[in-house]
$ cat protein.cif   # mmCIF, N, CA and C atoms
data_my_file
#
loop_
_atom_site.label_atom_id
_atom_site.label_comp_id
_atom_site.auth_asym_id
_atom_site.auth_seq_id
_atom_site.Cartn_x
_atom_site.Cartn_y
_atom_site.Cartn_z
N MET X 7 -62.81 -118.05 -26.00
CA MET X 7 -61.86 -117.50 -26.95
C MET X 7 -60.49 -118.15 -26.74
N VAL X 8 -59.87 -118.55 -27.82
CA VAL X 8 -58.56 -119.19 -27.77
C VAL X 8 -57.48 -118.11 -27.76
N PHE X 9 -56.52 -118.26 -26.84
CA PHE X 9 -55.41 -117.31 -26.77
C PHE X 9 -54.50 -117.52 -27.96
N ARG X 10 -54.13 -116.42 -28.61
CA ARG X 10 -53.24 -116.47 -29.77
C ARG X 10 -52.03 -115.60 -29.49
N MET X 11 -50.86 -116.17 -29.63
CA MET X 11 -49.63 -115.44 -29.39
C MET X 11 -49.22 -114.69 -30.65
N ASN X 12 -48.78 -113.43 -30.48
CA ASN X 12 -48.30 -112.64 -31.60
C ASN X 12 -47.05 -113.27 -32.20
N ALA X 13 -46.73 -112.88 -33.42
CA ALA X 13 -45.55 -113.42 -34.10
C ALA X 13 -44.25 -112.90 -33.47
N LEU X 14 -44.27 -111.71 -32.91
CA LEU X 14 -43.11 -111.14 -32.23
C LEU X 14 -43.55 -110.69 -30.85
N VAL X 15 -42.95 -111.28 -29.81
CA VAL X 15 -43.29 -110.93 -28.44
C VAL X 15 -41.98 -110.72 -27.68
N PRO X 16 -41.65 -109.47 -27.34
CA PRO X 16 -40.42 -109.24 -26.59
C PRO X 16 -40.52 -109.83 -25.19
N GLU X 17 -39.41 -110.38 -24.73
CA GLU X 17 -39.33 -110.89 -23.36
C GLU X 17 -38.31 -110.04 -22.61
N LEU X 18 -38.78 -109.37 -21.56
CA LEU X 18 -37.93 -108.46 -20.81
C LEU X 18 -37.42 -109.14 -19.54
N SER X 19 -36.12 -109.07 -19.33
CA SER X 19 -35.54 -109.52 -18.07
C SER X 19 -35.80 -108.44 -17.05
N VAL X 20 -36.34 -108.83 -15.90
CA VAL X 20 -36.67 -107.87 -14.85
C VAL X 20 -35.97 -108.26 -13.55
N SER X 21 -35.71 -107.27 -12.72
CA SER X 21 -34.98 -107.53 -11.48
C SER X 21 -35.88 -108.12 -10.39
N ASP X 22 -37.17 -107.80 -10.41
CA ASP X 22 -38.10 -108.27 -9.39
C ASP X 22 -39.45 -108.52 -10.05
N ILE X 23 -39.82 -109.78 -10.23
CA ILE X 23 -41.05 -110.13 -10.95
C ILE X 23 -42.28 -109.53 -10.28
N ASN X 24 -42.33 -109.51 -8.96
CA ASN X 24 -43.51 -108.98 -8.27
C ASN X 24 -43.65 -107.47 -8.48
N LYS X 25 -42.54 -106.76 -8.41
CA LYS X 25 -42.56 -105.31 -8.65
C LYS X 25 -43.00 -105.03 -10.09
N SER X 26 -42.49 -105.81 -11.05
CA SER X 26 -42.86 -105.62 -12.46
C SER X 26 -44.32 -105.99 -12.70
N LEU X 27 -44.79 -107.07 -12.10
CA LEU X 27 -46.20 -107.42 -12.25
C LEU X 27 -47.10 -106.32 -11.71
N ASN X 28 -46.78 -105.78 -10.56
CA ASN X 28 -47.57 -104.68 -10.00
C ASN X 28 -47.57 -103.49 -10.97
N PHE X 29 -46.42 -103.14 -11.49
CA PHE X 29 -46.30 -102.01 -12.42
C PHE X 29 -47.14 -102.23 -13.68
N TYR X 30 -46.93 -103.36 -14.34
CA TYR X 30 -47.62 -103.59 -15.62
C TYR X 30 -49.12 -103.84 -15.44
N LEU X 31 -49.51 -104.53 -14.40
CA LEU X 31 -50.93 -104.85 -14.22
C LEU X 31 -51.73 -103.70 -13.62
N ASN X 32 -51.19 -103.01 -12.64
CA ASN X 32 -51.96 -101.99 -11.93
C ASN X 32 -51.77 -100.58 -12.47
N ILE X 33 -50.58 -100.23 -12.86
CA ILE X 33 -50.33 -98.87 -13.35
C ILE X 33 -50.59 -98.78 -14.85
N LEU X 34 -50.15 -99.81 -15.61
CA LEU X 34 -50.29 -99.76 -17.06
C LEU X 34 -51.50 -100.55 -17.59
N LEU X 35 -52.23 -101.20 -16.70
CA LEU X 35 -53.48 -101.87 -17.04
C LEU X 35 -53.34 -103.03 -18.01
N PHE X 36 -52.15 -103.66 -18.04
CA PHE X 36 -51.99 -104.88 -18.82
C PHE X 36 -52.83 -105.98 -18.19
N LYS X 37 -53.13 -107.00 -18.97
CA LYS X 37 -53.86 -108.17 -18.51
C LYS X 37 -52.87 -109.34 -18.37
N LEU X 38 -52.99 -110.10 -17.31
CA LEU X 38 -52.17 -111.29 -17.12
C LEU X 38 -52.78 -112.42 -17.93
N GLU X 39 -52.08 -112.86 -18.97
CA GLU X 39 -52.57 -113.97 -19.80
C GLU X 39 -52.27 -115.29 -19.13
N TYR X 40 -51.04 -115.47 -18.69
CA TYR X 40 -50.68 -116.64 -17.89
C TYR X 40 -49.33 -116.39 -17.25
N GLN X 41 -49.03 -117.21 -16.24
CA GLN X 41 -47.73 -117.08 -15.58
C GLN X 41 -47.24 -118.45 -15.12
N ARG X 42 -45.95 -118.52 -14.90
CA ARG X 42 -45.32 -119.68 -14.30
C ARG X 42 -44.56 -119.17 -13.08
N PRO X 43 -45.20 -119.14 -11.92
CA PRO X 43 -44.54 -118.60 -10.72
C PRO X 43 -43.23 -119.31 -10.39
N GLU X 44 -43.16 -120.61 -10.66
CA GLU X 44 -41.93 -121.34 -10.37
C GLU X 44 -40.74 -120.85 -11.21
N ASP X 45 -41.03 -120.26 -12.37
CA ASP X 45 -39.98 -119.69 -13.24
C ASP X 45 -39.89 -118.17 -13.12
N LYS X 46 -40.77 -117.59 -12.28
CA LYS X 46 -40.85 -116.13 -12.16
C LYS X 46 -41.04 -115.50 -13.54
N PHE X 47 -42.06 -116.00 -14.25
CA PHE X 47 -42.36 -115.64 -15.63
C PHE X 47 -43.83 -115.29 -15.77
N ALA X 48 -44.13 -114.33 -16.66
CA ALA X 48 -45.53 -114.00 -16.97
C ALA X 48 -45.63 -113.49 -18.40
N LEU X 49 -46.75 -113.78 -19.04
CA LEU X 49 -47.09 -113.23 -20.34
C LEU X 49 -48.24 -112.25 -20.13
N LEU X 50 -48.06 -111.02 -20.61
CA LEU X 50 -49.02 -109.94 -20.40
C LEU X 50 -49.50 -109.40 -21.73
N SER X 51 -50.70 -108.81 -21.73
CA SER X 51 -51.22 -108.19 -22.95
C SER X 51 -51.93 -106.88 -22.62
N LEU X 52 -51.93 -106.01 -23.60
CA LEU X 52 -52.66 -104.75 -23.53
C LEU X 52 -53.16 -104.45 -24.94
N ASP X 53 -54.47 -104.44 -25.11
CA ASP X 53 -55.07 -104.32 -26.44
C ASP X 53 -54.46 -105.40 -27.34
N ASP X 54 -53.80 -105.04 -28.44
CA ASP X 54 -53.23 -106.04 -29.34
C ASP X 54 -51.74 -106.31 -29.11
N CYS X 55 -51.20 -105.81 -28.00
CA CYS X 55 -49.77 -105.95 -27.72
C CYS X 55 -49.54 -107.01 -26.65
N GLN X 56 -48.40 -107.67 -26.76
CA GLN X 56 -48.01 -108.69 -25.78
C GLN X 56 -46.55 -108.51 -25.40
N ILE X 57 -46.25 -108.77 -24.14
CA ILE X 57 -44.86 -108.85 -23.68
C ILE X 57 -44.76 -110.00 -22.68
N MET X 58 -43.55 -110.51 -22.59
CA MET X 58 -43.24 -111.49 -21.56
C MET X 58 -42.26 -110.83 -20.60
N ILE X 59 -42.38 -111.13 -19.33
CA ILE X 59 -41.41 -110.67 -18.34
C ILE X 59 -40.94 -111.88 -17.54
N GLU X 60 -39.66 -111.89 -17.24
CA GLU X 60 -39.09 -112.97 -16.46
C GLU X 60 -37.98 -112.42 -15.59
N GLU X 61 -38.00 -112.81 -14.33
CA GLU X 61 -36.95 -112.36 -13.42
C GLU X 61 -35.61 -112.88 -13.93
N ILE X 62 -34.59 -112.06 -13.78
CA ILE X 62 -33.26 -112.37 -14.30
C ILE X 62 -32.82 -113.76 -13.85
N ASN X 63 -32.34 -114.52 -14.83
CA ASN X 63 -31.74 -115.83 -14.56
C ASN X 63 -30.59 -116.03 -15.53
N ASP X 64 -29.81 -117.03 -15.34
CA ASP X 64 -28.65 -117.23 -16.21
C ASP X 64 -28.98 -117.87 -17.54
N TYR X 65 -30.22 -118.37 -17.69
CA TYR X 65 -30.57 -119.08 -18.92
C TYR X 65 -30.52 -118.17 -20.15
N TRP X 66 -31.09 -116.96 -20.05
CA TRP X 66 -31.17 -116.05 -21.20
C TRP X 66 -30.05 -115.02 -21.19
N LYS X 67 -29.15 -115.11 -20.28
CA LYS X 67 -28.11 -114.10 -20.09
C LYS X 67 -27.16 -114.03 -21.29
N THR X 68 -27.00 -112.83 -21.83
CA THR X 68 -26.04 -112.61 -22.92
C THR X 68 -24.92 -111.68 -22.48
N GLY X 69 -25.03 -111.14 -21.30
CA GLY X 69 -24.03 -110.23 -20.75
C GLY X 69 -24.52 -109.68 -19.43
N GLU X 70 -23.69 -108.88 -18.80
CA GLU X 70 -24.06 -108.28 -17.52
C GLU X 70 -25.17 -107.25 -17.71
N LEU X 71 -26.18 -107.31 -16.86
CA LEU X 71 -27.25 -106.33 -16.88
C LEU X 71 -27.00 -105.30 -15.79
N SER X 72 -27.16 -104.05 -16.16
CA SER X 72 -27.13 -102.98 -15.17
C SER X 72 -28.17 -101.95 -15.59
N TYR X 73 -28.70 -101.25 -14.62
CA TYR X 73 -29.76 -100.27 -14.87
C TYR X 73 -29.19 -99.10 -15.69
N PRO X 74 -29.89 -98.61 -16.70
CA PRO X 74 -31.18 -99.06 -17.22
C PRO X 74 -31.01 -100.24 -18.18
N PHE X 75 -31.85 -101.26 -18.02
CA PHE X 75 -31.73 -102.46 -18.84
C PHE X 75 -32.00 -102.19 -20.31
N GLY X 76 -32.85 -101.25 -20.61
CA GLY X 76 -33.31 -101.05 -21.98
C GLY X 76 -32.50 -100.06 -22.80
N ARG X 77 -31.23 -99.95 -22.55
CA ARG X 77 -30.42 -98.99 -23.32
C ARG X 77 -30.49 -99.29 -24.81
N GLY X 78 -30.81 -98.26 -25.58
CA GLY X 78 -30.78 -98.39 -27.04
C GLY X 78 -32.06 -98.88 -27.67
N ILE X 79 -33.11 -99.08 -26.88
CA ILE X 79 -34.37 -99.53 -27.47
C ILE X 79 -35.52 -98.80 -26.79
N ASN X 80 -36.56 -98.53 -27.57
CA ASN X 80 -37.82 -98.13 -26.95
C ASN X 80 -38.91 -98.98 -27.58
N PHE X 81 -39.87 -99.34 -26.77
CA PHE X 81 -40.96 -100.18 -27.23
C PHE X 81 -42.17 -99.30 -27.48
N GLN X 82 -42.62 -99.26 -28.74
CA GLN X 82 -43.86 -98.56 -29.05
C GLN X 82 -45.00 -99.54 -28.82
N ILE X 83 -45.92 -99.15 -27.97
CA ILE X 83 -47.07 -99.99 -27.63
C ILE X 83 -48.31 -99.23 -28.08
N VAL X 84 -48.96 -99.74 -29.13
CA VAL X 84 -50.14 -99.07 -29.69
C VAL X 84 -51.34 -99.47 -28.84
N VAL X 85 -52.04 -98.46 -28.35
CA VAL X 85 -53.19 -98.68 -27.47
C VAL X 85 -54.43 -98.02 -28.07
N ASN X 86 -55.59 -98.46 -27.60
CA ASN X 86 -56.86 -97.91 -28.08
C ASN X 86 -57.18 -96.55 -27.46
N ASN X 87 -56.71 -96.31 -26.21
CA ASN X 87 -57.06 -95.08 -25.52
C ASN X 87 -55.86 -94.60 -24.70
N SER X 88 -55.04 -93.76 -25.31
CA SER X 88 -53.84 -93.27 -24.63
C SER X 88 -54.20 -92.32 -23.47
N ASN X 89 -55.29 -91.58 -23.59
CA ASN X 89 -55.68 -90.67 -22.50
C ASN X 89 -56.00 -91.43 -21.22
N GLU X 90 -56.76 -92.51 -21.33
CA GLU X 90 -57.12 -93.31 -20.16
C GLU X 90 -55.88 -93.89 -19.48
N LEU X 91 -54.99 -94.42 -20.28
CA LEU X 91 -53.76 -94.99 -19.73
C LEU X 91 -52.89 -93.92 -19.09
N TYR X 92 -52.76 -92.79 -19.76
CA TYR X 92 -51.98 -91.66 -19.24
C TYR X 92 -52.53 -91.21 -17.88
N GLU X 93 -53.85 -91.09 -17.78
CA GLU X 93 -54.46 -90.66 -16.51
C GLU X 93 -54.21 -91.67 -15.40
N ASN X 94 -54.22 -92.96 -15.73
CA ASN X 94 -53.96 -93.97 -14.71
C ASN X 94 -52.51 -93.88 -14.22
N VAL X 95 -51.58 -93.61 -15.13
CA VAL X 95 -50.18 -93.42 -14.74
C VAL X 95 -50.07 -92.21 -13.81
N ARG X 96 -50.76 -91.14 -14.15
CA ARG X 96 -50.74 -89.93 -13.31
C ARG X 96 -51.37 -90.18 -11.93
N ILE X 97 -52.48 -90.90 -11.90
CA ILE X 97 -53.14 -91.20 -10.63
C ILE X 97 -52.19 -91.95 -9.69
N HIS X 98 -51.39 -92.84 -10.26
CA HIS X 98 -50.42 -93.59 -9.46
C HIS X 98 -49.14 -92.80 -9.20
N GLN X 99 -49.11 -91.56 -9.68
CA GLN X 99 -47.97 -90.65 -9.49
C GLN X 99 -46.66 -91.28 -9.97
N TYR X 100 -46.76 -92.03 -11.07
CA TYR X 100 -45.58 -92.64 -11.66
C TYR X 100 -44.91 -91.59 -12.56
N PRO X 101 -43.58 -91.49 -12.54
CA PRO X 101 -42.89 -90.48 -13.35
C PRO X 101 -43.13 -90.65 -14.85
N ILE X 102 -43.40 -89.54 -15.51
CA ILE X 102 -43.62 -89.53 -16.95
C ILE X 102 -42.41 -88.86 -17.60
N LYS X 103 -41.79 -89.56 -18.54
CA LYS X 103 -40.59 -89.03 -19.20
C LYS X 103 -40.96 -87.95 -20.22
N ILE X 104 -41.94 -88.22 -21.06
CA ILE X 104 -42.44 -87.24 -22.04
C ILE X 104 -43.95 -87.21 -21.91
N GLU X 105 -44.48 -86.04 -21.62
CA GLU X 105 -45.92 -85.85 -21.42
C GLU X 105 -46.69 -86.18 -22.70
N ILE X 106 -47.97 -86.44 -22.54
CA ILE X 106 -48.81 -86.82 -23.68
C ILE X 106 -48.88 -85.66 -24.68
N GLN X 107 -48.76 -86.02 -25.95
CA GLN X 107 -48.78 -85.03 -27.03
C GLN X 107 -49.10 -85.71 -28.35
N ASP X 108 -49.56 -84.90 -29.30
CA ASP X 108 -49.80 -85.39 -30.66
C ASP X 108 -48.53 -85.19 -31.47
N ASN X 109 -48.10 -86.24 -32.15
CA ASN X 109 -46.94 -86.17 -33.04
C ASN X 109 -47.30 -86.76 -34.38
N TRP X 110 -46.71 -86.17 -35.43
CA TRP X 110 -46.94 -86.64 -36.79
C TRP X 110 -45.60 -87.01 -37.39
N TYR X 111 -45.51 -88.24 -37.90
CA TYR X 111 -44.27 -88.78 -38.45
C TYR X 111 -44.45 -89.04 -39.94
N ARG X 112 -43.46 -88.60 -40.73
CA ARG X 112 -43.53 -88.79 -42.18
C ARG X 112 -43.22 -90.24 -42.53
N ALA X 113 -44.07 -90.81 -43.39
CA ALA X 113 -43.86 -92.13 -43.97
C ALA X 113 -44.06 -91.98 -45.46
N ASP X 114 -42.95 -91.76 -46.18
CA ASP X 114 -42.98 -91.46 -47.61
C ASP X 114 -43.82 -90.20 -47.85
N THR X 115 -44.98 -90.32 -48.51
CA THR X 115 -45.78 -89.13 -48.84
C THR X 115 -46.94 -88.91 -47.86
N LYS X 116 -46.96 -89.61 -46.77
CA LYS X 116 -48.03 -89.47 -45.77
C LYS X 116 -47.44 -89.05 -44.43
N LEU X 117 -48.28 -88.47 -43.61
CA LEU X 117 -47.94 -88.23 -42.20
C LEU X 117 -48.83 -89.13 -41.37
N ILE X 118 -48.22 -89.83 -40.44
CA ILE X 118 -48.96 -90.73 -39.56
C ILE X 118 -48.99 -90.09 -38.18
N GLY X 119 -50.21 -89.91 -37.66
CA GLY X 119 -50.38 -89.24 -36.38
C GLY X 119 -50.52 -90.20 -35.22
N GLN X 120 -49.92 -89.80 -34.10
CA GLN X 120 -50.01 -90.58 -32.87
C GLN X 120 -50.15 -89.65 -31.68
N LYS X 121 -51.05 -89.97 -30.79
CA LYS X 121 -51.13 -89.31 -29.49
C LYS X 121 -50.33 -90.21 -28.57
N GLU X 122 -49.22 -89.69 -28.02
CA GLU X 122 -48.29 -90.57 -27.31
C GLU X 122 -47.67 -89.92 -26.09
N PHE X 123 -47.20 -90.79 -25.18
CA PHE X 123 -46.41 -90.37 -24.04
C PHE X 123 -45.41 -91.47 -23.74
N LEU X 124 -44.33 -91.11 -23.03
CA LEU X 124 -43.27 -92.06 -22.73
C LEU X 124 -43.01 -92.13 -21.24
N ILE X 125 -42.76 -93.36 -20.78
CA ILE X 125 -42.34 -93.59 -19.40
C ILE X 125 -41.21 -94.61 -19.41
N VAL X 126 -40.54 -94.73 -18.29
CA VAL X 126 -39.48 -95.73 -18.13
C VAL X 126 -39.95 -96.71 -17.06
N ASP X 127 -39.92 -98.00 -17.38
CA ASP X 127 -40.40 -98.99 -16.41
C ASP X 127 -39.39 -99.14 -15.27
N PRO X 128 -39.72 -99.89 -14.22
CA PRO X 128 -38.84 -99.98 -13.06
C PRO X 128 -37.42 -100.48 -13.35
N ASP X 129 -37.23 -101.20 -14.47
CA ASP X 129 -35.90 -101.70 -14.82
C ASP X 129 -35.21 -100.88 -15.89
N GLY X 130 -35.83 -99.79 -16.33
CA GLY X 130 -35.17 -98.91 -17.28
C GLY X 130 -35.54 -99.12 -18.73
N TYR X 131 -36.58 -99.88 -19.02
CA TYR X 131 -37.05 -100.04 -20.39
C TYR X 131 -37.91 -98.83 -20.75
N LEU X 132 -37.62 -98.21 -21.90
CA LEU X 132 -38.37 -97.05 -22.35
C LEU X 132 -39.62 -97.51 -23.09
N LEU X 133 -40.78 -97.07 -22.60
CA LEU X 133 -42.07 -97.48 -23.16
C LEU X 133 -42.79 -96.28 -23.74
N ARG X 134 -43.15 -96.39 -25.02
CA ARG X 134 -43.88 -95.31 -25.70
C ARG X 134 -45.28 -95.82 -26.01
N PHE X 135 -46.28 -95.23 -25.37
CA PHE X 135 -47.67 -95.61 -25.58
C PHE X 135 -48.27 -94.67 -26.61
N ALA X 136 -48.80 -95.24 -27.70
CA ALA X 136 -49.26 -94.43 -28.83
C ALA X 136 -50.65 -94.86 -29.27
N GLN X 137 -51.49 -93.86 -29.52
CA GLN X 137 -52.82 -94.09 -30.07
C GLN X 137 -52.84 -93.51 -31.47
N ASN X 138 -53.38 -94.26 -32.43
CA ASN X 138 -53.42 -93.85 -33.83
C ASN X 138 -54.34 -92.65 -34.01
N LEU X 139 -53.82 -91.60 -34.67
CA LEU X 139 -54.62 -90.41 -34.99
C LEU X 139 -54.97 -90.34 -36.48
N GLY X 140 -54.57 -91.35 -37.24
CA GLY X 140 -54.87 -91.36 -38.67
C GLY X 140 -53.71 -90.87 -39.51
N GLU X 141 -54.04 -90.57 -40.78
CA GLU X 141 -53.03 -90.14 -41.74
C GLU X 141 -53.46 -88.84 -42.40
N ARG X 142 -52.48 -88.14 -42.92
CA ARG X 142 -52.74 -86.98 -43.77
C ARG X 142 -51.60 -86.85 -44.76
N GLU X 143 -51.84 -86.07 -45.79
CA GLU X 143 -50.83 -85.89 -46.83
C GLU X 143 -49.64 -85.09 -46.30
N TYR X 144 -48.47 -85.47 -46.75
CA TYR X 144 -47.25 -84.74 -46.41
C TYR X 144 -46.98 -83.72 -47.50
N GLU X 145 -46.75 -82.49 -47.10
CA GLU X 145 -46.41 -81.44 -48.05
C GLU X 145 -45.04 -80.90 -47.68
N GLU X 146 -44.12 -81.00 -48.62
CA GLU X 146 -42.77 -80.50 -48.38
C GLU X 146 -42.82 -78.98 -48.24
N ASP X 147 -41.94 -78.46 -47.38
CA ASP X 147 -41.85 -77.01 -47.24
C ASP X 147 -41.28 -76.44 -48.54
N PRO X 148 -41.85 -75.34 -49.02
CA PRO X 148 -41.31 -74.73 -50.24
C PRO X 148 -39.90 -74.23 -49.98
N VAL X 149 -39.07 -74.36 -50.98
CA VAL X 149 -37.69 -73.89 -50.87
C VAL X 149 -37.68 -72.37 -51.05
N VAL X 150 -37.02 -71.67 -50.14
CA VAL X 150 -36.95 -70.21 -50.19
C VAL X 150 -36.16 -69.79 -51.43
N GLY X 151 -36.67 -68.81 -52.15
CA GLY X 151 -35.95 -68.25 -53.31
C GLY X 151 -36.32 -68.92 -54.62
N GLU X 152 -37.22 -69.87 -54.61
CA GLU X 152 -37.61 -70.49 -55.88
C GLU X 152 -38.90 -69.91 -56.36
#
$ encode --input "protein.cif" --output "structure tokens"
Amino acid sequence: MVFRMNALVPELSVSDINKSLNFYLNILLFKLEYQRPEDKFALLSLDDCQIMIEEINDYWKTGELSYPFGRGINFQIVVNNSNELYENVRIHQYPIKIEIQDNWYRADTKLIGQKEFLIVDPDGYLLRFAQNLGEREYEEDPVVGE
């Protein structure tokens, strides 16, 4: 099978490539697609999602980094089995920011369901793991007094 890179792949600056590789590969069950140890770089995948991680260097620097690195962004990572991933996070006793739950989000006239949980990676990036629960019709609440 030929490796195909997604059209959008976020690259996260990390403080310690080995700590991040351990986290993403062992706790979150990502797969190592390839790495360049000399650059402290790796491309990882989980189901249909891809991310790149690279230890902080001056090449990509746009400003000073301080923990948490991911201020103002959360990465939704759609997975095939959120329960399995959630249990692996629990087994490793990694802190969970928001416990697993079903949420329904309105998209025009539909509700889109996701079974999701949130964690913060070692560098402060907020990760939301979501499994698709399907769609249902959105019904507006009736206005009181009409």
$ resolve_selection --input "protein.cif" --expression "the PyMOL selection byres (((chain X and resi 108-121 and name CA) around 12) and name CA)" --output "ChimeraX atom specification"
/X:82-92,104-107,122-124,134-146
$ resolve_selection --input "protein.cif" --expression "the PyMOL selection byres ((chain X and resi 13-22) around 8)" --output "ChimeraX atom specification"
/X:10-12,23-28,46,55-63,75,128-129
$ atom_distance --input "protein.cif" --atom1 "atom N of Lys37 (chain X)" --atom2 "atom C of Asp64 (chain X)"
26.5 Å
$ atom_distance --input "protein.cif" --atom1 "CA of Gly130 (chain X)" --atom2 "CA of Arg77 (chain X)"
7.7 Å
$ closest_residue --input "protein.cif" --among "X:Pro101, X:Glu93, X:Leu132, X:Phe9" --to "Gly78 (chain X)" --atoms "all atoms listed in the file"
X:Leu132
$ select_by_dssp --input "protein.cif" --residues "chain X" --states "helix (DSSP H, G or I)" --output "list in words"
Ile23, Asn24, Lys25, Ser26, Leu27, Asn28, Phe29, Tyr30, Leu31, Asn32, Ile33, Pro43, Glu44, Asp45, Ser88, Asn89, Glu90, Leu91, Tyr92, Glu93, Asn94, Val95, Arg96 and Ile97 of chain X
$ atom_distance --input "protein.cif" --atom1 "CA of Asn80 (chain X)" --atom2 "atom C of Ile125 (chain X)"
9.0 Å
$ axis_aligned_box --input "protein.cif" --around "region 45-51 of chain X" --padding-each-side "5 Å" --output "lines of an AutoDock Vina configuration file"
center_x = -45.9
center_y = -113.6
center_z = -17.6
size_x = 22.0
size_y = 23.4
size_z = 20.8
$ resolve_selection --input "protein.cif" --expression "the PyMOL selection byres ((chain X and resi 39) around 8)" --output "list in words"
Phe36, Lys37, Leu38, Tyr40, Gln41, Ala48, Leu49, Leu50 and Ser51 of chain X
$ closest_residue --input "protein.cif" --among "X:Phe29, X:Tyr131, X:Leu35, X:Val126" --to "Asp53 (chain X)" --atoms "only N, CA and C atoms"
X:Leu35
$ select_by_dssp --input "protein.cif" --residues "region 14-148 of chain X" --states "strand (DSSP E)" --output "PyMOL selection string"
chain X and resi 17-20+37-42+47-52+55-61+80-84+104-113+116-126+132-143
